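Trainee: Input: one structure, supplied below.
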Amino acid sequence: MKLVIMTLPTFFVEEDKILTALFDEGLDNLHLCKPGASPMYSERLLSLLPEAAYGRTTVHDHYYLKNEYGLAGIHLDGVGKELPKDYKGKLGMTCRDLGSLAQMKKKADYVFLAGSFGSVGGNGAEPCFTRAGLEECARQGLIDKHVYAFGGVGLDNIMEAKDLGFGGVVVCDDLWSKFDIHNELDFVDLINHFEKLRKAVS
């Protein structure tokens, strides 16, 4: 099972140090997602990461960065987001309703199923899908190794995602909640939690 780590939507001071430490600890699938941010800030963050990290990083915006830095691929996660003309490379998409999942799987290398276990924004909202609904999707073959659970995913439900047949999990709040971006400099707890996530998916 794949482990995807999604960045926080905002940039913060220690971010490049933490991401570098995560790559050192074996992170192999980072999604750089900073909605509405200037491309200049994404470029700056990428320039501070080790070169070995580029082939393990996917961008959700400013798709030209894929070629400029030799990144792993691009991800379309919004309504109206279009594939750049003549794009060749790895493509991910985010699905927000089961009706379009089968179609998206034909177009993309992998699909994030948003709202699998809770809200994507971490605002405590209920998951979009019931356990019974997800089980039915798995029975129909809609959930497979190309579909990743996204939203509300953490250490406590990775096993459930495995049981349902998801090919990966996308973790954001469960990891970043271990570090206070405004008041902390020490990110040992975050790194330790990442290790637990890695063991859970293996």
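In the structure tokens, chains take letters A, B, ... by order of appearance, with residues numbered from 1 within each chain and ligands from 1 in the order shown.
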What's the 8 Å shell around stretch 81-91 of chain A, counting only C-alpha atoms, without same-chain residues fewer than 5 positions away, as a list in words?

Mentor: Tyr63, Ala72, Gly73, Ile74, His75, Leu76, Ala108, Asp109 and Tyr110 of chain A

Trainee: Take the selection from the previous step and output its residues with C-alpha atoms, as a PDB file, in the first residue's frame.

Mentor:
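The file below, part-v6.pdb, is the result:
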ATOM      1  CA  TYR A  63       2.313  22.413 -13.688  1.00  0.00           C
ATOM      2  CA  ALA A  72       7.187  12.849 -10.461  1.00  0.00           C
ATOM      3  CA  GLY A  73       3.993  14.136 -12.049  1.00  0.00           C
ATOM      4  CA  ILE A  74       0.985  16.458 -11.776  1.00  0.00           C
ATOM      5  CA  HIS A  75      -2.357  16.112 -10.010  1.00  0.00           C
ATOM      6  CA  LEU A  76      -5.688  17.589 -11.117  1.00  0.00           C
ATOM      7  CA  ALA A 108      -5.414   8.863 -14.625  1.00  0.00           C
ATOM      8  CA  ASP A 109      -2.627   6.672 -13.255  1.00  0.00           C
ATOM      9  CA  TYR A 110      -4.268   6.870  -9.811  1.00  0.00           C
TER      10      TYR A 110
END

Trainee: As an MDAnalysis selection string, please: all residues of chain A that backbone DSSP puts in strand (DSSP E).

Mentor: chainID A and resid 2:6 30:32 57:59 73:76 90:95 110:114 147:150 168:171

Trainee: Can you spit out the residues from that selection as a CSV table (one decimal), in the first residue's frame, using N, CA, C and O atoms?

Mentor:
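What ended up in result-v6.csv:
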chain,number,residue,atom,x,y,z
A,2,LYS,N,0.5,2.2,-0.8
A,2,LYS,CA,1.3,3.5,-0.9
A,2,LYS,C,0.9,4.5,0.2
A,2,LYS,O,-0.3,4.5,0.6
A,3,LEU,N,1.9,5.2,0.6
A,3,LEU,CA,1.7,6.3,1.6
A,3,LEU,C,2.0,7.6,0.9
A,3,LEU,O,3.1,7.8,0.5
A,4,VAL,N,1.0,8.4,0.8
A,4,VAL,CA,1.1,9.8,0.2
A,4,VAL,C,1.1,10.8,1.3
A,4,VAL,O,0.1,10.7,2.2
A,5,ILE,N,2.0,11.7,1.4
A,5,ILE,CA,1.9,12.8,2.4
A,5,ILE,C,1.6,14.1,1.6
A,5,ILE,O,2.2,14.4,0.6
A,6,MET,N,0.5,14.7,2.0
A,6,MET,CA,0.1,16.0,1.4
A,6,MET,C,0.6,17.2,2.3
A,6,MET,O,0.5,17.1,3.5
A,30,LEU,N,5.4,12.7,-2.0
A,30,LEU,CA,4.9,13.9,-1.5
A,30,LEU,C,4.1,14.6,-2.5
A,30,LEU,O,4.4,14.7,-3.7
A,31,HIS,N,2.9,15.2,-2.1
A,31,HIS,CA,2.1,16.0,-2.9
A,31,HIS,C,2.1,17.4,-2.4
A,31,HIS,O,1.7,17.8,-1.3
A,32,LEU,N,2.7,18.3,-3.3
A,32,LEU,CA,2.8,19.7,-3.0
A,32,LEU,C,1.5,20.4,-3.5
A,32,LEU,O,1.3,20.6,-4.7
A,57,THR,N,8.1,13.9,-5.8
A,57,THR,CA,7.2,15.0,-5.5
A,57,THR,C,6.2,15.3,-6.7
A,57,THR,O,6.7,15.3,-7.9
A,58,THR,N,5.0,15.4,-6.4
A,58,THR,CA,3.9,15.7,-7.4
A,58,THR,C,3.3,17.1,-7.1
A,58,THR,O,3.1,17.4,-5.9
A,59,VAL,N,3.0,17.9,-8.2
A,59,VAL,CA,2.4,19.2,-7.9
A,59,VAL,C,1.0,19.2,-8.3
A,59,VAL,O,0.5,18.6,-9.3
A,73,GLY,N,5.2,14.0,-11.2
A,73,GLY,CA,4.0,14.1,-12.0
A,73,GLY,C,3.2,15.3,-11.6
A,73,GLY,O,3.6,16.1,-10.8
A,74,ILE,N,1.9,15.4,-12.1
A,74,ILE,CA,1.0,16.5,-11.8
A,74,ILE,C,-0.3,15.8,-11.3
A,74,ILE,O,-0.6,14.7,-11.6
A,75,HIS,N,-1.1,16.6,-10.6
A,75,HIS,CA,-2.4,16.1,-10.0
A,75,HIS,C,-3.4,17.2,-10.3
A,75,HIS,O,-3.3,18.3,-9.9
A,76,LEU,N,-4.5,16.7,-10.9
A,76,LEU,CA,-5.7,17.6,-11.1
A,76,LEU,C,-6.7,17.4,-10.0
A,76,LEU,O,-7.2,16.3,-9.9
A,90,LYS,N,3.2,11.2,-15.5
A,90,LYS,CA,2.3,10.6,-14.5
A,90,LYS,C,1.2,11.6,-14.1
A,90,LYS,O,1.5,12.8,-13.9
A,91,LEU,N,0.0,11.1,-14.1
A,91,LEU,CA,-1.2,11.9,-13.8
A,91,LEU,C,-2.1,11.4,-12.7
A,91,LEU,O,-2.4,10.2,-12.8
A,92,GLY,N,-2.4,12.2,-11.7
A,92,GLY,CA,-3.3,11.8,-10.7
A,92,GLY,C,-4.5,12.8,-10.8
A,92,GLY,O,-4.4,13.9,-11.3
A,93,MET,N,-5.7,12.3,-10.2
A,93,MET,CA,-6.9,13.1,-10.2
A,93,MET,C,-7.6,12.9,-8.9
A,93,MET,O,-7.4,11.8,-8.3
A,94,THR,N,-8.4,13.9,-8.4
A,94,THR,CA,-9.2,13.7,-7.2
A,94,THR,C,-10.6,13.5,-7.6
A,94,THR,O,-11.2,14.3,-8.4
A,95,CYS,N,-11.3,12.5,-7.1
A,95,CYS,CA,-12.7,12.2,-7.4
A,95,CYS,C,-13.5,12.6,-6.1
A,95,CYS,O,-13.1,12.2,-5.0
A,110,TYR,N,-3.7,7.2,-11.1
A,110,TYR,CA,-4.3,6.9,-9.8
A,110,TYR,C,-5.3,8.0,-9.5
A,110,TYR,O,-5.2,9.1,-10.1
A,111,VAL,N,-6.2,7.6,-8.6
A,111,VAL,CA,-7.3,8.6,-8.2
A,111,VAL,C,-7.4,8.7,-6.7
A,111,VAL,O,-7.4,7.7,-6.0
A,112,PHE,N,-7.4,9.9,-6.2
A,112,PHE,CA,-7.7,10.1,-4.7
A,112,PHE,C,-9.2,10.2,-4.6
A,112,PHE,O,-9.9,11.0,-5.2
A,113,LEU,N,-9.8,9.3,-3.7
A,113,LEU,CA,-11.2,9.4,-3.4
A,113,LEU,C,-11.4,10.3,-2.2
A,113,LEU,O,-11.2,9.9,-1.1
A,114,ALA,N,-11.8,11.5,-2.5
A,114,ALA,CA,-12.0,12.5,-1.4
A,114,ALA,C,-13.2,12.2,-0.5
A,114,ALA,O,-14.2,11.8,-1.0
A,147,VAL,N,-6.7,3.4,-6.6
A,147,VAL,CA,-7.6,4.4,-5.9
A,147,VAL,C,-7.0,4.5,-4.4
A,147,VAL,O,-6.8,3.5,-3.8
A,148,TYR,N,-6.8,5.8,-4.0
A,148,TYR,CA,-6.3,6.0,-2.7
A,148,TYR,C,-7.3,6.7,-1.8
A,148,TYR,O,-8.0,7.6,-2.3
A,149,ALA,N,-7.4,6.3,-0.6
A,149,ALA,CA,-8.3,6.9,0.4
A,149,ALA,C,-7.8,8.3,0.7
A,149,ALA,O,-6.6,8.5,1.1
A,150,PHE,N,-8.6,9.3,0.7
A,150,PHE,CA,-8.2,10.7,0.9
A,150,PHE,C,-9.3,11.4,1.8
A,150,PHE,O,-10.5,11.4,1.5
A,168,GLY,N,-3.7,2.9,-1.7
A,168,GLY,CA,-2.9,3.8,-1.0
A,168,GLY,C,-3.7,4.7,-0.1
A,168,GLY,O,-5.0,4.7,-0.1
A,169,VAL,N,-3.0,5.5,0.8
A,169,VAL,CA,-3.7,6.5,1.6
A,169,VAL,C,-3.0,7.8,1.5
A,169,VAL,O,-1.8,7.9,1.3
A,170,VAL,N,-3.8,8.9,1.6
A,170,VAL,CA,-3.3,10.2,1.5
A,170,VAL,C,-3.4,10.8,2.9
A,170,VAL,O,-4.5,11.0,3.4
A,171,VAL,N,-2.3,11.2,3.6
A,171,VAL,CA,-2.3,11.7,4.9
A,171,VAL,C,-1.9,13.1,4.9
A,171,VAL,O,-0.9,13.5,4.3

Trainee: Run DSSP on the backbone and grab whatever in stretch 76-129 of chain A lands in alpha helix (DSSP H); send it over as number ranges by chain.

Mentor: A: 101-107

Trainee: Select, from A:Leu71, A:Cys128, A:Val13, A:Ile18, the residue with the minimum atom-to-atom distance to A:Tyr41, counting only C-alpha atoms.

Mentor: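 Counting only C-alpha atoms, the residue closest to A:Tyr41 is A:Val13.
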
Trainee: Using only C-alpha atoms, find each residue of stretch 8-31 of chain A with at least one atom at most 12 Å away from an atom of stretch 178-183 of chain A; report its shortest atom-to-atom pair and that distance in Å (one decimal), sort the rows by chain and rising residue number, and return the result as CSV.

Mentor:
residue,atom,partner,partner_atom,distance
A:Leu8,CA,A:Ile181,CA,10.1
A:Thr10,CA,A:Ile181,CA,10.1
A:Phe11,CA,A:Ile181,CA,9.4
A:Phe12,CA,A:Ile181,CA,6.5
A:Val13,CA,A:Ile181,CA,7.7
A:Glu14,CA,A:Ile181,CA,7.6
A:Glu15,CA,A:Ile181,CA,8.6
A:Ile18,CA,A:Phe179,CA,9.9
